[in-house]
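Okay, query06.tsv is below, TSV, C-alpha atoms and all ligand atoms:
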chain	number	residue	atom	x	y	z
S	1253	MET	CA	-72.58	-43.52	52.20
S	1254	ASP	CA	-74.31	-40.32	53.08
S	1255	GLU	CA	-74.64	-37.36	50.79
S	1256	ARG	CA	-71.61	-35.52	52.26
S	1257	GLU	CA	-69.29	-38.50	51.77
S	1258	THR	CA	-70.43	-38.92	48.20
S	1259	ALA	CA	-69.66	-35.24	47.49
S	1260	ILE	CA	-66.19	-35.52	49.05
S	1261	GLU	CA	-65.44	-38.66	47.03
S	1262	GLY	CA	-66.60	-36.94	43.85
S	1263	ALA	CA	-64.39	-33.94	44.57
S	1264	LEU	CA	-61.43	-36.20	45.31
S	1265	HIS	CA	-61.93	-38.09	42.06
S	1266	LEU	CA	-62.10	-34.83	40.14
S	1267	SER	CA	-58.90	-33.57	41.76
S	1268	GLU	CA	-57.14	-36.86	40.95
S	1269	VAL	CA	-58.21	-36.61	37.28
S	1270	ARG	CA	-57.02	-33.00	37.14
S	1271	LEU	CA	-53.75	-33.89	38.80
S	1272	GLN	CA	-53.18	-36.70	36.33
S	1273	GLY	CA	-53.90	-34.35	33.44
S	1274	ALA	CA	-51.48	-31.77	34.85
S	1275	LEU	CA	-48.85	-34.48	35.34
S	1276	GLN	CA	-49.27	-35.70	31.78
S	1277	ARG	CA	-48.95	-32.15	30.47
S	1278	ALA	CA	-45.87	-31.56	32.63
S	1279	GLU	CA	-44.34	-34.77	31.24
S	1280	THR	CA	-45.08	-33.66	27.70
S	1281	TYR	CA	-43.59	-30.20	28.38
S	1282	TYR	CA	-40.57	-31.80	29.99
S	1283	ALA	CA	-40.05	-34.15	27.01
S	1284	GLN	CA	-40.39	-31.18	24.65
S	1285	PHE	CA	-37.96	-29.19	26.78
S	1286	GLU	CA	-35.45	-32.06	26.76
S	1287	ARG	CA	-35.82	-32.43	22.97
S	1288	THR	CA	-35.25	-28.70	22.43
S	1289	LYS	CA	-32.26	-28.81	24.79
S	1290	SER	CA	-30.73	-31.75	22.85
S	1291	GLN	CA	-31.38	-30.02	19.52
S	1292	LEU	CA	-29.76	-26.84	20.81
S	1293	ARG	CA	-26.80	-28.81	22.17
S	1294	ALA	CA	-26.44	-30.66	18.81
S	1295	ILE	CA	-26.55	-27.37	16.88
S	1296	MET	CA	-23.97	-25.74	19.16
S	1297	ASP	CA	-21.68	-28.77	19.02
S	1298	ALA	CA	-21.95	-29.14	15.24
S	1299	SER	CA	-20.78	-25.54	14.79
S	1300	GLN	CA	-17.32	-24.86	13.39
S	1301	GLU	CA	-17.05	-21.99	15.89
S	1302	ALA	CA	-16.29	-22.08	19.62
S	1303	MET	CA	-19.21	-20.74	21.70
S	1304	LEU	CA	-19.56	-19.61	25.27
S	1305	PHE	CA	-22.80	-18.29	26.76
S	1306	LEU	CA	-22.52	-16.07	29.83
S	1307	ALA	CA	-25.30	-15.04	32.24
S	1308	PRO	CA	-25.80	-11.27	32.77
S	1309	GLY	CA	-23.41	-11.33	35.76
S	1310	GLY	CA	-20.74	-13.15	33.75
S	1311	ARG	CA	-21.37	-16.71	35.04
S	1312	PRO	CA	-20.83	-19.37	32.32
S	1313	LEU	CA	-24.10	-21.07	31.37
S	1314	LYS	CA	-23.21	-23.05	28.24
S	1315	VAL	CA	-20.16	-23.95	26.24
S	1316	ASN	CA	-19.88	-26.12	23.12
S	1317	THR	CA	-17.46	-28.93	22.32
S	1318	ARG	CA	-15.61	-26.81	19.72
S	1319	PHE	CA	-14.55	-24.55	22.60
S	1320	SER	CA	-12.74	-27.49	24.22
S	1321	GLY	CA	-11.33	-28.43	20.79
S	1322	PHE	CA	-9.94	-24.95	20.18
S	1323	PHE	CA	-8.72	-24.10	23.65
S	1324	GLY	CA	-8.15	-27.46	25.36
S	1325	VAL	CA	-10.44	-26.87	28.39
S	1326	ASP	CA	-13.35	-29.27	28.94
S	1327	ASP	CA	-16.91	-28.01	29.43
S	1328	THR	CA	-17.24	-29.22	33.05
S	1329	THR	CA	-14.24	-27.10	34.01
S	1330	VAL	CA	-15.58	-24.04	32.18
S	1331	LEU	CA	-19.09	-24.34	33.62
S	1332	SER	CA	-17.84	-24.74	37.21
S	1333	GLN	CA	-16.08	-21.33	37.20
S	1334	THR	CA	-17.29	-18.24	39.02
S	1335	PRO	CA	-17.09	-15.07	36.88
S	1336	ALA	CA	-13.77	-14.10	38.53
S	1337	GLN	CA	-12.32	-17.61	38.02
S	1338	LEU	CA	-13.52	-17.61	34.40
S	1339	THR	CA	-11.63	-14.37	33.72
S	1340	VAL	CA	-8.42	-15.96	35.05
S	1341	LEU	CA	-9.04	-19.11	33.00
S	1342	LEU	CA	-9.64	-17.15	29.77
S	1343	LYS	CA	-6.58	-14.99	30.38
S	1344	GLY	CA	-4.59	-18.20	30.28
S	1345	LEU	CA	-6.07	-19.00	26.86
S	1346	PHE	CA	-5.70	-15.66	25.04
S	1347	VAL	CA	-2.68	-13.48	24.53
S	1348	ASP	CA	-4.18	-10.02	25.02
S	1349	GLY	CA	-5.45	-9.94	28.60
S	1350	GLU	CA	-6.43	-6.28	28.52
S	1351	ALA	CA	-8.70	-6.75	25.49
S	1352	LEU	CA	-10.23	-9.74	27.24
S	1353	ASP	CA	-11.36	-7.62	30.22
S	1354	ARG	CA	-13.13	-5.43	27.68
S	1355	TRP	CA	-14.92	-8.34	25.95
S	1356	LEU	CA	-16.05	-9.82	29.25
S	1357	SER	CA	-17.39	-6.49	30.45
S	1358	TRP	CA	-19.78	-6.56	27.46
S	1359	SER	CA	-21.82	-9.28	29.18
S	1360	THR	CA	-22.38	-7.16	32.28
S	1361	LEU	CA	-22.50	-3.66	30.78
S	1362	ASP	CA	-24.18	-3.92	27.40
S	1363	ARG	CA	-27.50	-5.61	26.78
S	1364	GLU	CA	-28.05	-4.46	23.23
S	1365	HIS	CA	-25.13	-4.37	20.89
S	1366	ILE	CA	-23.36	-6.88	18.72
S	1367	PHE	CA	-19.60	-6.55	19.01
S	1368	ARG	CA	-16.86	-7.80	16.72
S	1369	GLU	CA	-13.17	-8.04	17.37
S	1370	GLN	CA	-10.72	-9.14	14.70
S	1371	GLN	CA	-7.37	-10.73	15.29
S	1372	VAL	CA	-7.95	-12.27	18.71
S	1373	GLN	CA	-4.87	-14.30	19.49
S	1374	GLY	CA	-5.12	-17.71	21.18
S	1375	ARG	CA	-2.08	-19.04	23.05
S	1376	ARG	CA	-1.99	-22.58	21.58
S	1377	GLU	CA	0.33	-22.44	18.54
S	1378	ARG	CA	-0.67	-18.78	18.11
S	1379	GLN	CA	-4.20	-19.28	16.78
S	1380	ASP	CA	-5.93	-16.28	15.15
S	1381	PHE	CA	-9.65	-15.72	15.74
S	1382	ASP	CA	-12.40	-13.32	14.83
S	1383	LEU	CA	-14.61	-12.87	17.89
S	1384	SER	CA	-18.23	-11.78	17.79
S	1385	SER	CA	-20.53	-11.32	20.73
S	1386	LEU	CA	-24.29	-10.88	20.70
S	1387	PRO	CA	-26.91	-10.33	23.41
S	1388	VAL	CA	-29.47	-13.13	23.87
S	1389	THR	CA	-32.98	-12.14	24.92
S	1390	ASN	CA	-36.03	-14.12	26.00
S	1391	VAL	CA	-39.38	-14.04	24.14
S	1392	ASP	CA	-40.50	-11.25	26.52
S	1393	GLN	CA	-37.30	-9.33	25.62
S	1394	THR	CA	-35.65	-9.84	29.03
S	1395	TYR	CA	-31.88	-10.05	28.75
S	1396	MET	CA	-30.64	-13.61	29.30
S	1397	GLY	CA	-26.93	-13.08	28.75
S	1398	ARG	CA	-24.33	-12.91	25.99
S	1399	LEU	CA	-23.11	-15.43	23.46
S	1400	TYR	CA	-19.41	-15.27	22.53
S	1401	VAL	CA	-18.39	-16.90	19.24
S	1402	TRP	CA	-14.78	-17.47	18.15
S	1403	HIS	CA	-14.19	-18.15	14.46
S	1404	ASP	CA	-10.79	-19.68	13.67
S	1405	VAL	CA	-9.07	-17.65	10.92
S	1406	THR	CA	-5.52	-18.92	11.51
S	1407	HIS	CA	-5.28	-20.46	8.04
S	1408	GLU	CA	-6.75	-17.44	6.20
S	1409	ARG	CA	-4.39	-15.09	8.04
S	1410	ALA	CA	-1.39	-17.32	7.24
S	1411	VAL	CA	-2.33	-17.38	3.53
S	1412	ASP	CA	-2.80	-13.59	3.61
S	1413	ARG	CA	0.62	-13.13	5.18
S	1414	MET	CA	2.24	-15.43	2.59
S	1415	LYS	CA	0.55	-13.51	-0.23
S	1416	SER	CA	1.67	-10.15	1.16
S	1417	GLU	CA	5.23	-11.42	1.65
S	1418	PHE	CA	5.29	-12.78	-1.91
S	1419	VAL	CA	4.03	-9.50	-3.41
S	1420	SER	CA	6.52	-7.58	-1.29
S	1421	LEU	CA	9.42	-9.82	-2.37
S	1422	VAL	CA	8.53	-9.71	-6.07
S	1423	SER	CA	8.06	-5.93	-5.96
S	1424	HIS	CA	11.47	-5.46	-4.35
S	1425	GLU	CA	13.12	-7.71	-6.93
S	1426	LEU	CA	11.45	-5.80	-9.79
S	1427	ARG	CA	12.41	-2.40	-8.47
S	1428	THR	CA	16.18	-2.79	-8.83
S	1429	PRO	CA	16.30	-3.69	-12.57
S	1430	LEU	CA	13.57	-1.14	-13.28
S	1431	THR	CA	15.58	1.66	-11.67
S	1432	SER	CA	18.51	0.67	-13.91
S	1433	ILE	CA	16.30	0.69	-17.06
S	1434	GLN	CA	14.89	4.12	-16.13
S	1435	GLY	CA	18.41	5.45	-15.49
S	1436	TYR	CA	19.84	4.25	-18.83
S	1437	VAL	CA	16.85	5.40	-20.92
S	1438	ASP	CA	17.09	8.76	-19.17
S	1439	LEU	CA	20.80	8.92	-20.06
S	1440	LEU	CA	20.08	8.08	-23.71
S	1441	LEU	CA	17.54	10.90	-23.82
S	1442	HIS	CA	19.36	13.58	-21.90
S	1443	ASP	CA	23.11	12.95	-21.83
S	1444	GLU	CA	24.79	14.74	-24.72
S	1445	GLU	CA	27.86	12.47	-24.53
S	1446	VAL	CA	25.71	9.53	-25.70
S	1447	GLY	CA	25.36	11.14	-29.10
S	1448	PRO	CA	22.58	12.68	-31.19
S	1449	LEU	CA	19.16	11.01	-31.49
S	1450	THR	CA	16.73	11.16	-34.39
S	1451	ALA	CA	13.26	12.55	-33.60
S	1452	LEU	CA	11.80	9.06	-33.93
S	1453	GLN	CA	14.37	7.54	-31.54
S	1454	ARG	CA	13.64	10.35	-29.05
S	1455	GLU	CA	9.89	9.68	-29.33
S	1456	PHE	CA	10.28	5.92	-28.81
S	1457	LEU	CA	12.66	6.33	-25.86
S	1458	GLY	CA	10.20	8.86	-24.34
S	1459	ILE	CA	7.43	6.24	-24.55
S	1460	ALA	CA	9.73	3.61	-22.98
S	1461	LEU	CA	10.61	5.97	-20.12
S	1462	SER	CA	7.03	6.99	-19.42
S	1463	ASN	CA	6.04	3.30	-19.27
S	1464	ALA	CA	8.98	2.49	-17.00
S	1465	HIS	CA	7.77	5.26	-14.65
S	1466	ARG	CA	4.26	3.85	-14.81
S	1467	LEU	CA	5.58	0.39	-13.91
S	1468	GLY	CA	7.54	1.97	-11.06
S	1469	ARG	CA	4.36	3.58	-9.66
S	1470	LEU	CA	2.53	0.27	-9.91
S	1471	ILE	CA	5.32	-1.55	-8.04
S	1472	ASN	CA	5.33	1.13	-5.33
S	1473	ASP	CA	1.55	0.80	-4.96
S	1474	PHE	CA	1.88	-2.99	-4.65
S	1475	LEU	CA	4.58	-2.60	-2.03
S	1476	ASP	CA	2.55	-0.08	-0.02
S	1477	LEU	CA	-0.55	-2.22	-0.18
S	1478	SER	CA	1.26	-5.38	0.91
S	1479	HIS	CA	2.93	-3.48	3.77
S	1480	ILE	CA	-0.42	-2.03	4.88
S	1481	GLU	CA	-2.12	-5.44	4.73
S	1482	SER	CA	0.62	-7.23	6.62
S	1483	GLY	CA	0.76	-4.46	9.24
S	1484	LYS	CA	4.38	-3.70	8.32
S	1485	LEU	CA	3.75	-0.10	7.30
S	1486	VAL	CA	4.80	2.01	10.28
S	1487	LEU	CA	3.88	5.69	10.52
S	1488	HIS	CA	6.42	8.21	11.80
S	1489	CYS	CA	4.07	10.73	13.33
S	1490	GLU	CA	5.10	14.14	14.64
S	1491	PRO	CA	3.74	17.69	14.49
S	1492	PHE	CA	4.21	19.26	11.05
S	1493	PRO	CA	3.07	22.48	9.33
S	1494	LEU	CA	0.09	21.47	7.17
S	1495	VAL	CA	-0.20	24.69	5.17
S	1496	GLN	CA	3.42	24.53	3.99
S	1497	LEU	CA	3.02	20.87	3.00
S	1498	ILE	CA	-0.14	21.61	0.98
S	1499	ARG	CA	1.61	24.50	-0.82
S	1500	GLU	CA	4.54	22.22	-1.71
S	1501	VAL	CA	2.30	19.43	-3.02
S	1502	SER	CA	0.14	21.78	-5.07
S	1503	SER	CA	3.14	23.53	-6.64
S	1504	SER	CA	4.55	20.13	-7.69
S	1505	PHE	CA	1.45	19.92	-9.96
S	1506	HIS	CA	2.19	23.26	-11.57
S	1507	LEU	CA	3.29	21.87	-14.95
S	1508	SER	CA	0.63	19.15	-15.25
S	1509	LEU	CA	-2.14	21.64	-14.35
S	1510	ALA	CA	-0.85	24.16	-16.88
S	1511	ALA	CA	-0.82	21.46	-19.57
S	1512	LYS	CA	-4.58	20.98	-19.04
S	1513	GLN	CA	-5.31	24.68	-18.47
S	1514	GLN	CA	-6.57	23.91	-14.99
S	1515	ASP	CA	-6.11	26.13	-11.97
S	1516	VAL	CA	-6.03	25.35	-8.28
S	1517	THR	CA	-7.27	27.68	-5.51
S	1518	LEU	CA	-6.05	27.19	-1.95
S	1519	HIS	CA	-8.19	28.22	1.05
S	1520	LEU	CA	-5.77	27.72	3.90
S	1521	PRO	CA	-5.68	28.82	7.56
S	1522	ASP	CA	-2.79	30.43	9.45
S	1523	PRO	CA	0.54	28.94	8.19
S	1524	ALA	CA	1.59	28.41	11.83
S	1525	LEU	CA	-1.06	25.66	12.15
S	1526	MET	CA	0.55	22.38	13.22
S	1527	VAL	CA	-1.12	19.00	12.75
S	1528	TYR	CA	-0.04	15.59	13.96
S	1529	GLY	CA	0.79	12.86	11.47
S	1530	ASP	CA	3.39	11.31	9.17
S	1531	ALA	CA	4.29	14.19	6.85
S	1532	ASN	CA	5.69	11.92	4.09
S	1533	ARG	CA	2.56	9.79	4.06
S	1534	MET	CA	0.42	12.95	4.00
S	1535	VAL	CA	2.33	14.07	0.89
S	1536	GLN	CA	1.33	10.71	-0.62
S	1537	VAL	CA	-2.35	11.16	0.40
S	1538	LEU	CA	-2.58	14.72	-0.95
S	1539	THR	CA	-0.64	13.85	-4.11
S	1540	ASN	CA	-3.03	11.01	-4.84
S	1541	LEU	CA	-6.16	13.11	-4.25
S	1542	LEU	CA	-4.84	16.06	-6.23
S	1543	SER	CA	-3.60	13.81	-9.03
S	1544	ASN	CA	-7.07	12.22	-9.28
S	1545	ALA	CA	-8.76	15.64	-9.22
S	1546	HIS	CA	-6.43	16.70	-12.06
S	1547	LYS	CA	-6.80	13.46	-14.05
S	1548	TYR	CA	-10.58	13.19	-13.80
S	1549	THR	CA	-11.29	16.87	-14.54
S	1550	PRO	CA	-11.48	17.96	-18.18
S	1551	VAL	CA	-9.35	20.67	-19.75
S	1552	GLY	CA	-10.03	24.13	-18.29
S	1553	GLY	CA	-11.47	22.73	-15.02
S	1554	HIS	CA	-11.01	24.15	-11.57
S	1555	LEU	CA	-9.50	22.49	-8.47
S	1556	GLU	CA	-9.57	23.63	-4.86
S	1557	ILE	CA	-7.95	22.62	-1.59
S	1558	VAL	CA	-9.79	23.81	1.51
S	1559	VAL	CA	-8.67	23.42	5.12
S	1560	GLU	CA	-11.17	24.12	7.90
S	1561	ILE	CA	-10.52	23.80	11.61
S	1562	LYS	CA	-13.42	22.27	13.53
S	1563	GLY	CA	-12.65	21.70	17.21
S	1564	THR	CA	-9.49	19.61	17.47
S	1565	LEU	CA	-9.53	18.47	13.84
S	1566	ALA	CA	-8.33	19.95	10.56
S	1567	HIS	CA	-10.74	18.99	7.74
S	1568	ILE	CA	-8.87	18.85	4.45
S	1569	SER	CA	-10.96	18.80	1.25
S	1570	VAL	CA	-9.76	18.33	-2.31
S	1571	ILE	CA	-12.48	19.59	-4.65
S	1572	ASP	CA	-12.75	19.38	-8.44
S	1573	THR	CA	-15.19	20.32	-11.19
S	1574	GLY	CA	-14.53	17.04	-13.00
S	1575	ILE	CA	-16.46	14.08	-14.37
S	1576	GLY	CA	-17.80	13.09	-10.92
S	1577	LEU	CA	-18.99	9.69	-9.72
S	1578	SER	CA	-22.45	8.09	-9.45
S	1579	GLY	CA	-23.66	6.69	-6.11
S	1580	GLU	CA	-22.92	3.16	-7.35
S	1581	GLU	CA	-19.38	4.11	-8.34
S	1582	GLN	CA	-18.81	5.84	-4.99
S	1583	ALA	CA	-19.80	2.64	-3.17
S	1584	GLN	CA	-17.03	0.67	-4.93
S	1585	LEU	CA	-14.42	3.40	-4.97
S	1586	PHE	CA	-12.21	1.97	-2.23
S	1587	THR	CA	-12.11	-1.57	-3.59
S	1588	ARG	CA	-8.68	-2.64	-4.84
S	1589	PHE	CA	-8.21	-2.22	-8.61
S	1590	TYR	CA	-11.62	-0.54	-8.98
S	1591	ARG	CA	-11.81	1.97	-11.84
S	1592	ALA	CA	-15.11	3.58	-12.84
S	1593	GLU	CA	-16.34	2.20	-16.17
S	1594	ASN	CA	-16.55	5.15	-18.54
S	1595	ALA	CA	-14.80	6.43	-21.61
S	1596	ALA	CA	-13.08	9.24	-19.70
S	1597	THR	CA	-11.54	6.84	-17.16
S	1598	ARG	CA	-10.49	4.36	-19.85
S	1599	ALA	CA	-8.50	7.09	-21.59
S	1600	ILE	CA	-6.67	8.00	-18.34
S	1601	GLN	CA	-3.81	5.98	-16.89
S	1602	GLY	CA	-4.36	4.45	-13.46
S	1603	THR	CA	-4.12	1.27	-11.40
S	1604	GLY	CA	-7.21	1.55	-9.21
S	1605	LEU	CA	-5.01	1.17	-6.12
S	1606	GLY	CA	-4.43	4.83	-5.18
S	1607	LEU	CA	-7.65	5.42	-3.24
S	1608	THR	CA	-7.41	2.07	-1.40
S	1609	ILE	CA	-3.95	3.05	-0.17
S	1610	THR	CA	-5.01	6.64	0.53
S	1611	ARG	CA	-7.96	5.53	2.61
S	1612	SER	CA	-5.81	3.08	4.63
S	1613	LEU	CA	-3.24	5.80	5.31
S	1614	VAL	CA	-5.95	8.24	6.46
S	1615	GLU	CA	-7.47	5.54	8.71
S	1616	MET	CA	-4.05	4.71	10.16
S	1617	HIS	CA	-3.97	8.37	11.22
S	1618	GLY	CA	-7.30	7.87	13.02
S	1619	GLY	CA	-9.29	9.73	10.35
S	1620	GLU	CA	-11.86	8.85	7.72
S	1621	LEU	CA	-11.80	9.53	3.98
S	1622	GLN	CA	-15.17	10.73	2.71
S	1623	VAL	CA	-16.37	11.39	-0.79
S	1624	SER	CA	-19.30	13.39	-2.13
S	1625	SER	CA	-19.80	13.70	-5.84
S	1626	THR	CA	-22.31	14.49	-8.58
S	1627	PRO	CA	-21.78	12.99	-12.05
S	1628	GLY	CA	-20.80	15.69	-14.49
S	1629	LEU	CA	-20.35	18.36	-11.82
S	1630	GLY	CA	-17.37	17.24	-9.75
S	1631	SER	CA	-16.16	15.53	-6.59
S	1632	THR	CA	-14.98	16.39	-3.09
S	1633	PHE	CA	-12.66	14.10	-1.14
S	1634	CYS	CA	-12.32	15.05	2.52
S	1635	PHE	CA	-10.24	13.69	5.41
S	1636	THR	CA	-9.21	14.83	8.89
S	1637	LEU	CA	-5.99	15.19	10.87
S	1638	PRO	CA	-5.66	16.10	14.56
S	1639	VAL	CA	-4.57	19.68	15.27
S	1640	VAL	CA	-1.66	20.04	17.70
S	1641	ASN	CA	-2.45	22.27	20.71
S	1642	GLN	CA	-0.23	25.29	20.61
M	1701	LIG	P1	-6.57	5.30	-10.37
M	1701	LIG	O1	-6.78	6.79	-10.44
M	1701	LIG	O2	-5.14	4.91	-10.43
M	1701	LIG	O3	-7.42	4.54	-11.34
M	1701	LIG	P2	-7.68	5.40	-7.70
M	1701	LIG	O4	-7.79	4.31	-6.70
M	1701	LIG	O5	-6.96	6.64	-7.29
M	1701	LIG	O6	-7.03	4.74	-8.97
M	1701	LIG	O7	-9.14	5.78	-8.16
M	1701	LIG	C1	-10.06	4.75	-8.48
M	1701	LIG	C2	-11.11	5.22	-9.47
M	1701	LIG	O8	-11.95	6.20	-8.84
M	1701	LIG	C3	-10.55	5.92	-10.67
M	1701	LIG	O9	-10.20	4.99	-11.66
M	1701	LIG	C4	-11.71	6.80	-11.11
M	1701	LIG	O10	-12.63	6.04	-11.85
M	1701	LIG	C5	-12.38	7.16	-9.78
M	1701	LIG	N1	-11.94	8.50	-9.27
M	1701	LIG	C6	-10.99	8.74	-8.35
M	1701	LIG	N2	-10.89	10.07	-8.09
M	1701	LIG	C7	-11.82	10.67	-8.87
M	1701	LIG	C8	-12.22	12.04	-9.06
M	1701	LIG	N3	-11.65	13.06	-8.40
M	1701	LIG	N4	-13.23	12.27	-9.95
M	1701	LIG	C9	-13.82	11.26	-10.63
M	1701	LIG	N5	-13.49	9.95	-10.50
M	1701	LIG	C10	-12.50	9.66	-9.62

How does this structure look as structure tokens?
Amino acid sequence: MDERETAIEGALHLSEVRLQGALQRAETYYAQFERTKSQLRAIMDASQEAMLFLAPGGRPLKVNTRFSGFFGVDDTTVLSQTPAQLTVLLKGLFVDGEALDRWLSWSTLDREHIFREQQVQGRRERQDFDLSSLPVTNVDQTYMGRLYVWHDVTHERAVDRMKSEFVSLVSHELRTPLTSIQGYVDLLLHDEEVGPLTALQREFLGIALSNAHRLGRLINDFLDLSHIESGKLVLHCEPFPLVQLIREVSSSFHLSLAAKQQDVTLHLPDPALMVYGDANRMVQVLTNLLSNAHKYTPVGGHLEIVVEIKGTLAHISVIDTGIGLSGEEQAQLFTRFYRAENAATRAIQGTGLGLTITRSLVEMHGGELQVSSTPGLGSTFCFTLPVVNQ
């Protein structure tokens, strides 16, 4: 063997060793890759939620077994669909086709945001789902697609509905006898034909009547809340004159304000201003806010209602110089039955339901109820209503 042949043989041997090393590494990587794939598959399949992973163009890349369990379509079928075919297939599985177009567009249009959609309705025995969708990115931050996750809430929603129906039924049943009690106590107090009452009898009957009214308000709050939660509360929206409505509500507080030596100032725009909403429900919203401002403001305090027009919205603020709320209290304000823990609140009657209902009513009108407050100085509650173009 001459020198050249020896060199070639050496080089060949070196290449073979390198190739073997590369092959061994590739095998190791492949085994690792397969292990990771199996782990990922196991995690996805063990999940209680149905999952579907779509490529950026909307092609299905992965689906877990829970998806087949929930919707009755096997993974091979799902994964063999083109994006257009997948849309048709999913439309067969969910009730609201229009919403579905929107969810699917997330995978092609949005590479950043997490989306959530409540009350997604499956077709099989009317399943209820919460859907969330999140973008999936690679280690180098390139967008790999979107994961869709359906959480089955059918049972929770059914229990919620039963609870709301029960509260609604009980409240209705309580209202009839209560109205009769209120009527008869009122007669005893005010109808001269019933006969004279001693001062003590009058005092006791007065207490009974005030408590019957309190019970009535509680029952009405329960009914409203259960109707809001079950989606049964329907708004009757139409244009109405806001300024007139505010004047009516504030004058209904005339006596209670006088009893606490409080005054109310109104800063209102042109009385011809029309806004769009359910006037009766707006009376309820304003009554609740004004009643709170009155209740939680000490004797001699000052209340204000301000309406400002900004663009297409009327901003309505109810302002008081009352006891105010700390940041912590403000954070819990809209929780059912929440009442701030202080001596002033304990001495004042209330259910802790008014603001929860008020906020829901404002939100049903497309607005938002906002609060700003400083303990000891007062509070401002503000919400919006759309102005009607005139
Ligand atoms: P209620 O007045 O019947 O207790 P709400 O839901 O209307 O129920 O209000 C919840 C709680 O929020 C009240 O108990 C009170 O602690 C606090 N709150 C509401 N409005 C005001 C206000 N204007 N100033 C101070 N605290 C308030």

(request) Could you give me the residues within 9 Å of ligand LIG 1701 (chain M), counting all atoms listed in the file, as an MDAnalysis selection string? (result) chainID S and resid 1470 1540:1549 1570:1577 1581:1582 1584:1594 1596:1598 1600:1610 1625 1627 1630:1633

(request) Show which residues sit within 8 Å of segment 1434-1445 of chain S, as a ChimeraX atom specification. Count all atoms listed in the file, and ignore same-chain residues fewer than 5 positions away. (result) /S:1454,1457-1458,1460-1461,1464-1465

With 3 Å of padding per side, what axis-aligned box (centre and edge lengths, Å, one decimal) covers all the listed atoms of segment 1277-1294 of chain S? Give it as AutoDock Vina command-line options.
--center_x -37.7 --center_y -30.8 --center_z 25.7 --size_x 28.5 --size_y 13.9 --size_z 19.8

(message) For a quick check of understanding, using all atoms listed in the file, which of S:Leu1306, S:Ala1298, S:Leu1507, S:Leu1345 has the smallest distance to Gln1333 of chain S?
(response)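 The closest residue to Gln1333 of chain S is S:Leu1306.
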
(request) Kindly give the distance, in Å, that separates atom CA of Ala1531 of chain S and atom CA of His1506 of chain S, rounded to a single decimal. (result)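 So the answer is 20.6 Å.
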
(message) Give me, as a list in words, all polymer residues having an atom no more than 12 Å from Val1422 of chain S, counting only C-alpha atoms and skipping those fewer than 6 positions away in the same chain.
(response)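 That gives Lys1415, Ser1416, Thr1428, Pro1429, Ile1471, Asn1472, Phe1474, Leu1475 and Ser1478 of chain S.
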
(request) Can you work out which one of S:Val1446, S:Leu1421, S:Leu1467, S:Leu1399 has the shortest atom-to-atom distance to Pro1308 of chain S, counting all atoms listed in the file? (result)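 Closest candidate: S:Leu1399.
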
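With all atoms listed in the file as the basis for measurement, S:Ser1423 is the residue among S:Ser1423, S:Thr1564, S:Thr1328, S:Asn1532 that approaches Leu1477 of chain S most closely.
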
(request) Give as a PyMOL selection string every residue, naming chains and numbers as the document does, that has an atom within 12 Å of (-6.9, 26.3, -3.7), counting all atoms listed in the file. (result) chain S and resi 1495+1498-1499+1501-1503+1514-1521+1542+1554-1559+1568-1572

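Distances from S:Glu1481, S:Leu1383, S:Gly1447, S:Leu1452 to Ser1420 of chain S were compared using only C-alpha atoms, and the smallest one belongs to S:Glu1481.
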
(request) Within 10 Å of Gly1619 of chain S, counting all atoms listed in the file, which residues show up once you throw out same-chain ones fewer than 6 positions away? Write them as a ChimeraX atom specification, please. (result) /S:1565,1567,1611-1613,1634-1638

Would you save the residues of that selection, restricted to C-alpha atoms, as a PDB file, keeping the file's coordinate frame?
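And here's part-v1.pdb as it stands now:
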ATOM      1  CA  LEU S1565      -9.530  18.470  13.840  1.00  0.00           C
ATOM      2  CA  HIS S1567     -10.740  18.990   7.740  1.00  0.00           C
ATOM      3  CA  ARG S1611      -7.960   5.530   2.610  1.00  0.00           C
ATOM      4  CA  SER S1612      -5.810   3.080   4.630  1.00  0.00           C
ATOM      5  CA  LEU S1613      -3.240   5.800   5.310  1.00  0.00           C
ATOM      6  CA  CYS S1634     -12.320  15.050   2.520  1.00  0.00           C
ATOM      7  CA  PHE S1635     -10.240  13.690   5.410  1.00  0.00           C
ATOM      8  CA  THR S1636      -9.210  14.830   8.890  1.00  0.00           C
ATOM      9  CA  LEU S1637      -5.990  15.190  10.870  1.00  0.00           C
ATOM     10  CA  PRO S1638      -5.660  16.100  14.560  1.00  0.00           C
TER      11      PRO S1638
END

(request) Could you tell me which of S:Leu1275, S:Arg1398, S:Val1340, S:Ser1332 comes closest to Glu1364 of chain S if we count all atoms listed in the file? (result)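 Of the candidates, the smallest distance to Glu1364 of chain S is held by S:Arg1398.
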
(message) Residues proximal to (-20.9, -23.0, 11.3) were defined as those with any atom within 12 Å of that point in the file's coordinates, counting all atoms listed in the file. Which are they, as a count of residues only?
(response) 14

(request) Rank nothing, just name the residue among S:Val1269, S:Gly1553, S:Leu1494, S:Leu1426 nearest to Leu1525 of chain S, using all atoms listed in the file. (result) S:Leu1494

Find the spatial neighbours of Leu1356 of chain S, counting all atoms listed in the file, within a cut-off of 10 Å - ignore same-chain residues fewer than 6 positions away - and output them as a CSV table (one decimal) with C-alpha atoms, keeping the file's coordinate frame.
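Listed below is the output, out_38.csv:
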chain,number,residue,atom,x,y,z
S,1306,LEU,CA,-22.5,-16.1,29.8
S,1309,GLY,CA,-23.4,-11.3,35.8
S,1310,GLY,CA,-20.7,-13.2,33.8
S,1335,PRO,CA,-17.1,-15.1,36.9
S,1338,LEU,CA,-13.5,-17.6,34.4
S,1339,THR,CA,-11.6,-14.4,33.7
S,1342,LEU,CA,-9.6,-17.2,29.8
S,1385,SER,CA,-20.5,-11.3,20.7
S,1398,ARG,CA,-24.3,-12.9,26.0
S,1400,TYR,CA,-19.4,-15.3,22.5
